[in-house]
$ cat model38.csv   # CSV, C-alpha atoms
chain,number,residue,atom,x,y,z
X,22,MET,CA,0.0,0.0,0.0
X,23,LEU,CA,3.0,2.2,-0.4
X,24,GLY,CA,3.8,3.0,-4.0
X,25,LEU,CA,6.8,5.0,-5.3
X,26,ARG,CA,5.2,8.5,-5.0
X,27,LEU,CA,4.0,8.0,-1.4
X,28,TYR,CA,7.5,6.5,-0.5
X,29,ILE,CA,9.3,9.5,-1.9
X,30,LEU,CA,6.8,11.9,-0.2
X,31,GLN,CA,7.5,10.2,3.1
X,32,ARG,CA,11.3,10.2,2.6
X,33,MET,CA,11.3,13.9,1.5
X,34,SER,CA,9.2,14.9,4.4
X,35,ALA,CA,11.5,13.0,6.8
X,36,LEU,CA,14.4,14.9,5.1
X,37,PHE,CA,12.9,18.2,6.0
X,38,MET,CA,11.8,17.2,9.5
X,39,GLY,CA,15.2,16.1,10.7
X,40,PRO,CA,16.8,19.6,10.8
X,41,PHE,CA,13.4,21.1,11.9
X,42,VAL,CA,13.3,18.9,15.0
X,43,LEU,CA,16.9,19.6,15.9
X,44,VAL,CA,16.4,23.4,15.5
X,45,HIS,CA,13.1,23.3,17.4
X,46,ILE,CA,14.6,21.4,20.4
X,47,ALA,CA,17.8,23.5,20.4
X,48,VAL,CA,15.8,26.8,20.4
X,49,MET,CA,13.5,25.5,23.2
X,50,ILE,CA,16.5,24.6,25.4
X,51,HIS,CA,18.1,27.9,24.6
X,52,ALA,CA,15.0,29.8,25.3
X,53,ILE,CA,14.3,28.4,28.8
X,54,GLN,CA,17.9,28.8,29.9
X,55,GLY,CA,17.4,32.5,30.3
X,56,GLY,CA,14.1,32.1,32.0
X,57,LEU,CA,12.0,33.6,29.2
X,58,SER,CA,8.3,33.8,30.0
X,59,THR,CA,5.6,32.7,27.6
X,60,ALA,CA,4.8,36.4,26.8
X,61,GLU,CA,8.5,37.0,26.0
X,62,ILE,CA,8.7,34.0,23.7
X,63,LEU,CA,5.5,35.0,21.9
X,64,GLY,CA,6.9,38.6,21.6
X,65,ARG,CA,9.7,37.1,19.6
X,66,THR,CA,7.7,34.7,17.4
X,67,GLN,CA,4.6,36.8,16.7
X,68,GLY,CA,5.1,38.8,13.5
X,69,SER,CA,8.2,36.8,12.6
X,70,ILE,CA,8.1,35.7,9.0
X,71,PHE,CA,11.0,33.4,9.6
X,72,TRP,CA,9.2,31.4,12.4
X,73,PHE,CA,6.0,31.4,10.4
X,74,LEU,CA,7.8,29.8,7.4
X,75,PHE,CA,9.8,27.5,9.7
X,76,TYR,CA,6.8,26.1,11.6
X,77,SER,CA,4.5,26.1,8.6
X,78,THR,CA,6.9,23.9,6.6
X,79,PHE,CA,7.4,21.8,9.7
X,80,VAL,CA,3.6,21.2,10.1
X,81,ILE,CA,3.2,20.4,6.4
X,82,ALA,CA,6.1,17.9,6.5
X,83,ALA,CA,4.8,16.3,9.8
X,84,SER,CA,1.3,16.0,8.4
X,85,VAL,CA,2.4,14.3,5.2
X,86,HIS,CA,4.8,12.0,7.0
X,87,SER,CA,2.4,11.0,9.7
X,88,ALA,CA,-0.5,10.3,7.4
X,89,ILE,CA,1.6,8.0,5.1
X,90,GLY,CA,3.1,6.2,8.1
X,91,LEU,CA,-0.3,5.6,9.7
X,92,ARG,CA,-1.7,4.5,6.4
X,93,VAL,CA,0.9,1.7,6.3
X,94,ILE,CA,0.3,0.7,9.9
X,95,VAL,CA,-3.5,0.7,9.4
X,96,HIS,CA,-3.3,-1.4,6.3
X,97,GLU,CA,-0.9,-4.0,7.8
X,98,VAL,CA,-2.6,-4.2,11.2
X,99,LEU,CA,-6.3,-3.8,10.3
X,100,GLY,CA,-6.3,-4.8,6.6
X,101,MET,CA,-8.0,-1.6,5.5
X,102,LYS,CA,-7.4,-0.8,1.8
X,103,GLY,CA,-8.9,0.9,-1.3
X,104,PHE,CA,-11.1,4.0,-0.9
X,105,ALA,CA,-11.5,3.7,2.9
X,106,LEU,CA,-7.7,3.7,3.3
X,107,SER,CA,-7.2,6.7,1.0
X,108,THR,CA,-10.0,8.6,2.8
X,109,LEU,CA,-8.4,7.8,6.2
X,110,THR,CA,-4.9,8.9,4.9
X,111,TRP,CA,-6.3,12.2,3.6
X,112,SER,CA,-8.3,12.8,6.7
X,113,ILE,CA,-5.3,12.3,9.0
X,114,CYS,CA,-3.3,14.6,6.8
X,115,LEU,CA,-6.0,17.4,6.8
X,116,ILE,CA,-6.7,17.1,10.5
X,117,LEU,CA,-3.0,17.5,11.3
X,118,LEU,CA,-2.6,20.4,8.9
X,119,TYR,CA,-5.6,22.1,10.5
X,120,MET,CA,-4.4,21.6,14.1
X,121,GLY,CA,-0.8,22.5,13.2
X,122,GLY,CA,-2.0,25.5,11.2
X,123,ARG,CA,-3.9,26.8,14.1
X,124,ALA,CA,-0.9,26.5,16.4
X,125,VAL,CA,1.4,28.2,13.9
X,126,THR,CA,-1.0,31.1,13.4
X,127,ALA,CA,-1.5,31.5,17.1
X,128,VAL,CA,2.2,31.6,17.8
X,129,THR,CA,3.4,33.7,14.8
X,130,MET,CA,0.5,35.9,13.8
X,131,ILE,CA,0.1,39.3,15.5
U,8,MET,CA,18.2,-53.4,22.0
U,9,SER,CA,14.9,-51.7,21.8
U,10,ASN,CA,15.2,-50.4,25.3
U,11,ASP,CA,18.2,-48.3,24.1
U,12,VAL,CA,16.2,-46.5,21.5
U,13,LYS,CA,15.4,-42.9,22.4
U,14,TYR,CA,12.3,-41.2,21.1
U,15,MET,CA,11.6,-37.6,20.3
U,16,ASP,CA,8.2,-35.9,20.7
U,17,VAL,CA,7.3,-34.6,17.2
U,18,ALA,CA,4.2,-32.5,16.6
U,19,ILE,CA,3.2,-32.3,12.9
U,20,TRP,CA,0.5,-30.2,11.4
U,21,ARG,CA,-2.3,-32.2,9.9
U,22,GLY,CA,-5.1,-30.4,8.0
U,23,ASP,CA,-5.9,-28.5,4.8
U,24,ALA,CA,-7.1,-25.0,3.7
U,25,ASP,CA,-10.1,-25.2,6.1
U,26,GLY,CA,-8.0,-25.8,9.2
U,27,GLY,CA,-6.4,-28.5,11.2
U,28,ALA,CA,-4.3,-29.3,14.3
U,29,TYR,CA,-1.0,-30.7,15.4
U,30,GLU,CA,-0.7,-34.4,15.7
U,31,ASN,CA,1.9,-35.9,18.0
U,32,PHE,CA,4.2,-38.7,17.1
U,33,GLN,CA,7.1,-40.6,18.9
U,34,VAL,CA,10.0,-40.8,16.4
U,35,PRO,CA,13.2,-42.7,17.1
U,36,ALA,CA,16.2,-40.4,17.5
U,37,GLN,CA,19.3,-41.1,15.5
U,38,ASP,CA,22.8,-39.7,15.7
U,39,ASN,CA,22.6,-38.2,12.3
U,40,GLN,CA,19.1,-37.2,11.3
U,41,THR,CA,17.5,-34.3,9.4
U,42,ILE,CA,14.0,-32.8,9.9
U,43,LEU,CA,13.1,-34.3,6.5
U,44,ASP,CA,14.3,-37.7,7.8
U,45,VAL,CA,11.9,-37.3,10.7
U,46,VAL,CA,8.9,-36.3,8.5
U,47,SER,CA,9.7,-39.2,6.2
U,48,TRP,CA,9.9,-41.7,9.1
U,49,VAL,CA,6.4,-40.6,10.2
U,50,GLN,CA,5.0,-40.9,6.7
U,51,GLN,CA,6.6,-44.4,6.2
U,52,ASN,CA,6.0,-45.8,9.7
U,53,ALA,CA,3.2,-44.0,11.5
U,54,SER,CA,0.9,-42.2,9.2
U,55,SER,CA,1.0,-43.0,5.4
U,56,THR,CA,-1.4,-40.2,4.6
U,57,LEU,CA,1.0,-37.5,5.8
U,58,THR,CA,1.5,-35.1,2.9
U,59,TYR,CA,4.7,-33.2,2.4
U,60,ARG,CA,7.0,-32.1,-0.5
U,61,TYR,CA,10.6,-32.8,-1.3
U,62,ALA,CA,12.8,-33.7,-4.3
U,63,CYS,CA,16.6,-33.4,-4.2
U,64,ARG,CA,17.3,-33.9,-0.5
U,65,VAL,CA,20.6,-32.0,-0.9
U,66,GLY,CA,19.6,-28.4,-0.6
U,67,MET,CA,19.4,-27.5,-4.3
U,68,CYS,CA,15.7,-27.8,-5.3
U,69,GLY,CA,14.0,-25.6,-2.7
U,70,SER,CA,11.1,-28.0,-2.3
U,71,CYS,CA,11.2,-29.1,1.3
U,72,ALA,CA,10.9,-25.9,3.3
U,73,MET,CA,8.7,-26.1,6.4
U,74,MET,CA,8.2,-24.3,9.7
U,75,VAL,CA,10.4,-26.0,12.3
U,76,ASN,CA,9.8,-24.9,15.9
U,77,GLY,CA,8.3,-21.7,14.4
U,78,THR,CA,11.2,-21.0,12.1
U,79,PRO,CA,11.2,-21.5,8.4
U,80,ARG,CA,14.0,-23.9,7.4
U,81,TRP,CA,15.1,-26.2,4.5
U,82,THR,CA,14.3,-29.5,6.2
U,83,CYS,CA,16.7,-31.6,4.1
U,84,ARG,CA,19.7,-29.7,5.4
U,85,THR,CA,18.5,-29.0,8.9
U,86,HIS,CA,20.0,-31.4,11.5
U,87,VAL,CA,17.6,-32.4,14.2
U,88,LYS,CA,20.3,-31.7,16.9
U,89,LYS,CA,20.5,-28.1,15.8
U,90,VAL,CA,16.9,-27.3,16.4
U,91,LEU,CA,15.6,-29.8,18.9
U,92,ASP,CA,13.8,-27.9,21.8
U,93,GLY,CA,14.4,-30.1,24.8
U,94,ASN,CA,13.1,-33.3,23.3
U,95,LYS,CA,10.4,-31.7,21.1
U,96,LEU,CA,10.0,-30.8,17.5
U,97,THR,CA,7.1,-28.9,15.9
U,98,VAL,CA,6.8,-29.1,12.2
U,99,GLY,CA,4.3,-27.1,10.2
U,100,PRO,CA,3.6,-25.8,6.7
U,101,LEU,CA,5.3,-22.6,5.5
U,102,ARG,CA,3.9,-19.4,6.8
U,103,ASN,CA,2.3,-16.8,4.5
U,104,LEU,CA,1.2,-19.5,2.0
U,105,PRO,CA,-2.1,-21.3,1.7
U,106,VAL,CA,-2.1,-24.9,2.9
U,107,ILE,CA,-3.0,-27.6,0.4
U,108,LYS,CA,-2.7,-30.5,2.8
U,109,ASP,CA,-0.6,-31.1,6.0
U,110,LEU,CA,2.9,-29.8,5.2
U,111,ALA,CA,2.4,-29.0,1.5
U,112,THR,CA,1.7,-25.4,0.7
U,113,ASP,CA,0.3,-23.9,-2.4
U,114,MET,CA,3.3,-22.1,-4.0
U,115,ASP,CA,1.3,-20.3,-6.7
U,116,PRO,CA,1.1,-16.9,-4.9
U,117,PHE,CA,4.9,-17.0,-4.4
U,118,PHE,CA,5.7,-17.7,-8.1
U,119,ASP,CA,2.9,-15.4,-9.4
U,120,LYS,CA,4.7,-12.6,-7.6
U,121,TRP,CA,8.0,-13.4,-9.4
U,122,VAL,CA,6.1,-12.8,-12.7
U,123,ALA,CA,4.4,-9.7,-11.3
U,124,ALA,CA,7.8,-8.3,-10.3
U,125,GLU,CA,9.0,-8.8,-13.9
U,126,GLY,CA,11.3,-11.5,-12.7
U,127,VAL,CA,11.5,-12.9,-16.2
U,128,HIS,CA,14.3,-12.3,-18.7
U,129,HIS,CA,13.6,-9.6,-21.3
U,130,PRO,CA,15.8,-10.6,-24.3
U,131,SER,CA,18.0,-7.9,-25.9
U,132,LYS,CA,19.3,-10.2,-28.7
U,133,THR,CA,18.0,-12.7,-31.1
U,134,ARG,CA,19.2,-16.3,-31.5
U,135,ASP,CA,21.2,-15.2,-34.6
U,136,ASP,CA,23.3,-12.7,-32.6
U,137,PRO,CA,26.6,-13.9,-31.1
U,138,VAL,CA,26.7,-14.7,-27.4
U,139,GLU,CA,27.4,-11.6,-25.4
U,140,GLN,CA,30.6,-11.6,-23.4
U,141,ILE,CA,30.0,-10.6,-19.8
U,142,ASN,CA,32.7,-9.3,-17.6
U,143,PRO,CA,32.3,-11.1,-14.3
U,144,GLU,CA,34.1,-8.4,-12.5
U,145,SER,CA,32.0,-5.5,-13.7
U,146,SER,CA,30.1,-3.8,-10.8
U,147,ALA,CA,26.7,-4.6,-12.2
U,148,ARG,CA,27.5,-8.2,-12.7
U,149,VAL,CA,29.0,-8.5,-9.2
U,150,GLU,CA,25.8,-7.0,-7.8
U,151,ALA,CA,23.6,-9.4,-9.9
U,152,SER,CA,25.7,-12.4,-8.8
U,153,THR,CA,24.9,-11.7,-5.1
U,154,GLY,CA,21.4,-12.9,-5.7
U,155,ILE,CA,21.5,-15.6,-8.3
U,156,GLU,CA,21.9,-18.6,-5.9
U,157,CYS,CA,18.3,-18.3,-4.9
U,158,ILE,CA,16.7,-21.8,-4.9
U,159,ASN,CA,13.1,-20.5,-4.7
U,160,CYS,CA,12.4,-22.2,-1.4
U,161,SER,CA,10.2,-19.4,-0.1
U,162,ILE,CA,11.8,-19.4,3.3
U,163,CYS,CA,12.4,-15.6,3.0
U,164,TYR,CA,8.7,-15.2,2.0
U,165,ALA,CA,7.6,-17.2,5.0
U,166,SER,CA,9.8,-15.3,7.4
U,167,CYS,CA,8.7,-11.9,6.1
U,168,ASP,CA,6.4,-10.0,8.5
U,169,THR,CA,5.5,-7.5,5.8
U,170,VAL,CA,4.1,-10.3,3.7
U,171,ALA,CA,2.1,-11.4,6.7
U,172,GLY,CA,0.6,-7.9,7.1
U,173,ASN,CA,0.3,-7.0,3.5
U,174,PRO,CA,-0.6,-10.0,1.3
U,175,ASP,CA,-0.2,-7.8,-1.9
U,176,TYR,CA,3.5,-7.3,-1.1
U,177,LEU,CA,5.7,-9.0,-3.7
U,178,GLY,CA,8.1,-10.4,-1.1
U,179,PRO,CA,11.9,-10.7,-0.8
U,180,ALA,CA,12.5,-13.5,-3.4
U,181,ALA,CA,10.6,-11.9,-6.2
U,182,LEU,CA,12.2,-8.5,-5.6
U,183,GLN,CA,15.6,-10.0,-5.3
U,184,ARG,CA,15.0,-11.7,-8.7
U,185,ALA,CA,14.0,-8.3,-10.1
U,186,TRP,CA,17.1,-6.7,-8.8
U,187,THR,CA,19.3,-9.4,-10.3
U,188,LEU,CA,17.7,-8.9,-13.7
U,189,TYR,CA,17.9,-5.1,-13.4
U,190,ASN,CA,21.7,-5.5,-13.0
U,191,ASP,CA,22.0,-8.0,-15.9
U,192,THR,CA,23.4,-6.1,-18.9
U,193,ARG,CA,21.5,-8.7,-21.2
U,194,ASP,CA,18.1,-7.6,-19.9
U,195,ALA,CA,16.3,-5.2,-22.3
U,196,ASP,CA,13.5,-3.8,-20.1
U,197,LYS,CA,15.0,-2.3,-17.0
U,198,GLN,CA,12.4,0.5,-16.8
U,199,GLY,CA,9.7,-2.2,-17.0
U,200,ILE,CA,11.3,-3.9,-13.9
U,201,LEU,CA,11.4,-0.6,-12.0
U,202,ASP,CA,7.7,0.1,-12.9
U,203,ALA,CA,6.7,-3.4,-11.8
U,204,VAL,CA,8.3,-3.0,-8.4
U,205,SER,CA,6.9,0.5,-7.8
U,206,GLY,CA,3.2,-0.4,-7.4
U,207,ASP,CA,1.2,-0.7,-4.2
U,208,GLY,CA,2.8,-4.0,-3.3
U,209,GLY,CA,6.2,-3.1,-4.5
U,210,CYS,CA,9.7,-2.8,-2.9
U,211,HIS,CA,8.8,0.4,-1.0
U,212,ASN,CA,6.7,-1.6,1.4
U,213,CYS,CA,9.8,-3.3,2.9
U,214,HIS,CA,10.4,-2.3,6.5
U,215,SER,CA,14.0,-3.5,6.3
U,216,GLN,CA,13.4,-5.9,9.3
U,217,GLY,CA,15.9,-8.3,7.7
U,218,SER,CA,14.1,-11.6,8.5
U,219,CYS,CA,14.8,-12.6,4.8
U,220,ALA,CA,18.5,-12.2,5.2
U,221,VAL,CA,18.6,-14.0,8.6
U,222,HIS,CA,16.7,-17.1,7.5
U,223,CYS,CA,17.9,-17.5,3.8
U,224,PRO,CA,19.5,-21.0,3.8
U,225,ASN,CA,21.9,-19.9,1.1
U,226,GLU,CA,22.9,-16.8,3.1
U,227,LEU,CA,21.7,-14.4,0.5
U,228,ASN,CA,20.5,-10.9,1.4
U,229,PRO,CA,17.2,-10.0,-0.3
U,230,MET,CA,17.0,-6.9,1.9
U,231,ARG,CA,20.1,-5.5,0.2
U,232,ALA,CA,18.5,-6.2,-3.2
U,233,ILE,CA,15.3,-4.4,-2.1
U,234,ALA,CA,17.4,-1.4,-0.9
U,235,GLY,CA,19.0,-1.3,-4.3
U,236,LEU,CA,15.6,-1.3,-6.0
U,237,LYS,CA,14.5,1.6,-3.7
U,238,ARG,CA,17.5,3.6,-4.7
U,239,ALA,CA,17.1,2.8,-8.5
U,240,THR,CA,13.3,3.6,-8.4
U,241,THR,CA,13.9,6.9,-6.6
U,242,LEU,CA,16.7,8.0,-9.0
U,243,SER,CA,14.4,7.0,-11.9
U,244,PHE,CA,11.6,9.1,-10.5
U,245,LEU,CA,13.8,12.1,-10.0
U,246,LYS,CA,15.3,11.8,-13.5
U,247,ARG,CA,12.3,10.7,-15.5
U,248,GLY,CA,9.2,11.2,-13.2
U,249,ARG,CA,8.5,7.4,-13.0
$ encode --input "model38.csv" --output "structure tokens"
Amino acid sequence: MLGLRLYILQRMSALFMGPFVLVHIAVMIHAIQGGLSTAEILGRTQGSIFWFLFYSTFVIAASVHSAIGLRVIVHEVLGMKGFALSTLTWSICLILLYMGGRAVTAVTMI
Amino acid sequence: MSNDVKYMDVAIWRGDADGGAYENFQVPAQDNQTILDVVSWVQQNASSTLTYRYACRVGMCGSCAMMVNGTPRWTCRTHVKKVLDGNKLTVGPLRNLPVIKDLATDMDPFFDKWVAAEGVHHPSKTRDDPVEQINPESSARVEASTGIECINCSICYASCDTVAGNPDYLGPAALQRAWTLYNDTRDADKQGILDAVSGDGGCHNCHSQGSCAVHCPNELNPMRAIAGLKRATTLSFLKRGR
């Protein structure tokens, strides 16, 4: 249930997520070292095009990667396939995009 | 003398496609004895209706593979002492294949997938052309040669958890055959092979768990071949969009 296109999409999204995860964790650790408050962190991220693009791309990559990974697991464990499997894959992707999109706009929009 | 004979507890699967159960036998233990010897003793001395498959008895034909104590093995080359669990042996039909009767499985799905993976030679010359000289040391030939000793026993297929979860998956042996042909300079349809292994049941479903390489009786490494197909299909997609 994993053709060439889905395989490449999953590998490409993983390629993006690797550095994103490292930067995200590094910045988190750096931010709390100085005792920054939530308001101070939001003061730096809100209105920042860099963080908007960073986390938007992160959310897109994570949504695509997770949806394809869960598609494989659901097929192999539950035997789901065909239209139902495609619908589930798209649903997971869109739900994660929506939830991630909300978080990104809340943190980076003024 | 008979008091000196030691017996093993052997459980053998009896049944067909509709189901069945393990039947227990007491089989005399010998100093030198293979699993196939044990199964043959049961068929010849205890239950003449026991159905199983074998041919060459020397590890060349790939006919006699069975599950032995839960592990797929070539029974003609598996010594009892190597796998005896206490004093017990459990022998069943190969996993991931339909059972015809007792220990004989239907190999059709296994071989159908060889064809589906384009595991057939695509001629690049006619009978009128001279025989092509192949350099055995060329990198492509070296790569192809790593997989050509496959005896089609289906042990890798039976050991593969991806096949168990995804019946459409082509499986390690068929994909290794495709990789061998892909690296054969005499094959005329390499893109056809890449297309065949790129579908929903293709090489990209492999989780690289490596059971195929662990259990292959000829110590081949289908996982390496599948990784090669993943690389070749990805490069093909980036260059040609397919």
$ interface_residues --input "model38.csv" --of "chain U" --to "chain X" --cutoff "7 Å" --atoms "all atoms listed in the file" --output "list in words"
Gly172, Asn173, Ser205, Gly206, Asp207, Gly208, Gly209, His211 and Asn212 of chain U
$ residues_around --input "model38.csv" --residues "Cys157 of chain U" --least-positions-apart "5" --cutoff "10 Å" --atoms "only C-alpha atoms" --output "list of chain:residue names"
U:Met67, U:Cys68, U:Gly69, U:Ala180, U:Gln183, U:Arg184, U:Cys223, U:Pro224, U:Asn225, U:Glu226, U:Leu227, U:Asn228, U:Pro229
$ atom_distance --input "model38.csv" --atom1 "atom CA of Ala62 of chain U" --atom2 "atom CA of Leu182 of chain U"
25.2 Å
$ atom_distance --input "model38.csv" --atom1 "atom CA of Ala124 of chain X" --atom2 "atom CA of Phe73 of chain X"
10.4 Å
$ atom_distance --input "model38.csv" --atom1 "atom CA of Val221 of chain U" --atom2 "atom CA of Leu96 of chain U"
20.9 Å
$ residues_around --input "model38.csv" --residues "Cys63 of chain U" --least-positions-apart "4" --cutoff "12 Å" --atoms "all atoms listed in the file" --output "number ranges by chain"
U: 43, 67-71, 81-84, 158
$ residues_around --input "model38.csv" --residues "Thr56 of chain U" --least-positions-apart "5" --cutoff "12 Å" --atoms "all atoms listed in the file" --output "tab-separated table (two decimals) with C-alpha atoms, keeping the file's coordinate frame"
chain	number	residue	atom	x	y	z
U	21	ARG	CA	-2.30	-32.20	9.90
U	22	GLY	CA	-5.10	-30.40	8.00
U	46	VAL	CA	8.90	-36.30	8.50
U	47	SER	CA	9.70	-39.20	6.20
U	49	VAL	CA	6.40	-40.60	10.20
U	50	GLN	CA	5.00	-40.90	6.70
U	51	GLN	CA	6.60	-44.40	6.20
U	108	LYS	CA	-2.70	-30.50	2.80
U	109	ASP	CA	-0.60	-31.10	6.00
U	110	LEU	CA	2.90	-29.80	5.20
$ closest_residue --input "model38.csv" --among "U:Pro174, U:Pro35, U:Gly66, U:Gly99" --to "Asn52 of chain U" --atoms "all atoms listed in the file"
U:Pro35
$ residues_around --input "model38.csv" --residues "Ala111 of chain U" --least-positions-apart "3" --cutoff "8 Å" --atoms "all atoms listed in the file" --output "number ranges by chain"
U: 58-60, 100, 106-108
$ decode --input "model38.csv" --residues "segment 61-69 of chain X" --atoms "all heavy atoms" --output "compact mmCIF listing (two decimals), in the first residue's frame"
# COMPACT_ATOMS: atom_id res chain seq x y z
N GLU X 61 7.22 36.62 26.67
CA GLU X 61 8.47 37.04 26.01
C GLU X 61 8.76 36.19 24.77
O GLU X 61 9.25 36.70 23.77
CB GLU X 61 9.64 36.94 27.00
CG GLU X 61 9.60 38.04 28.06
CD GLU X 61 10.59 37.79 29.20
OE1 GLU X 61 10.83 36.61 29.54
OE2 GLU X 61 11.12 38.77 29.75
N ILE X 62 8.47 34.90 24.88
CA ILE X 62 8.68 34.03 23.71
C ILE X 62 7.74 34.44 22.59
O ILE X 62 8.13 34.60 21.43
CB ILE X 62 8.47 32.55 24.09
CG1 ILE X 62 9.60 32.09 25.04
CG2 ILE X 62 8.43 31.67 22.85
CD1 ILE X 62 9.39 30.72 25.62
N LEU X 63 6.45 34.64 22.93
CA LEU X 63 5.48 35.05 21.90
C LEU X 63 5.85 36.41 21.31
O LEU X 63 5.63 36.66 20.13
CB LEU X 63 4.07 35.12 22.51
CG LEU X 63 3.42 33.75 22.78
CD1 LEU X 63 2.08 33.93 23.50
CD2 LEU X 63 3.22 32.99 21.48
N GLY X 64 6.44 37.25 22.12
CA GLY X 64 6.88 38.56 21.63
C GLY X 64 7.92 38.42 20.54
O GLY X 64 8.03 39.27 19.64
N ARG X 65 8.70 37.36 20.59
CA ARG X 65 9.72 37.15 19.57
C ARG X 65 9.17 36.41 18.35
O ARG X 65 9.67 36.58 17.23
CB ARG X 65 10.88 36.34 20.16
CG ARG X 65 11.77 37.13 21.11
CD ARG X 65 12.62 36.19 21.96
NE ARG X 65 13.67 36.89 22.69
CZ ARG X 65 13.48 37.59 23.80
NH1 ARG X 65 12.25 37.73 24.28
NH2 ARG X 65 14.50 38.18 24.40
N THR X 66 8.18 35.53 18.58
CA THR X 66 7.70 34.73 17.44
C THR X 66 6.57 35.43 16.68
O THR X 66 6.48 35.31 15.46
CB THR X 66 7.18 33.36 17.92
OG1 THR X 66 6.15 33.55 18.90
CG2 THR X 66 8.31 32.52 18.50
N GLN X 67 5.72 36.17 17.38
CA GLN X 67 4.59 36.80 16.69
C GLN X 67 5.07 37.92 15.77
O GLN X 67 5.85 38.77 16.18
CB GLN X 67 3.58 37.34 17.71
CG GLN X 67 2.78 36.20 18.34
CD GLN X 67 1.78 36.68 19.37
OE1 GLN X 67 1.96 37.71 20.02
NE2 GLN X 67 0.70 35.91 19.53
N GLY X 68 4.63 37.84 14.53
CA GLY X 68 5.07 38.81 13.54
C GLY X 68 6.34 38.42 12.83
O GLY X 68 6.81 39.14 11.94
N SER X 69 6.91 37.28 13.20
CA SER X 69 8.16 36.84 12.57
C SER X 69 7.87 35.97 11.34
O SER X 69 7.27 34.89 11.46
CB SER X 69 9.00 36.06 13.58
OG SER X 69 10.02 35.34 12.89
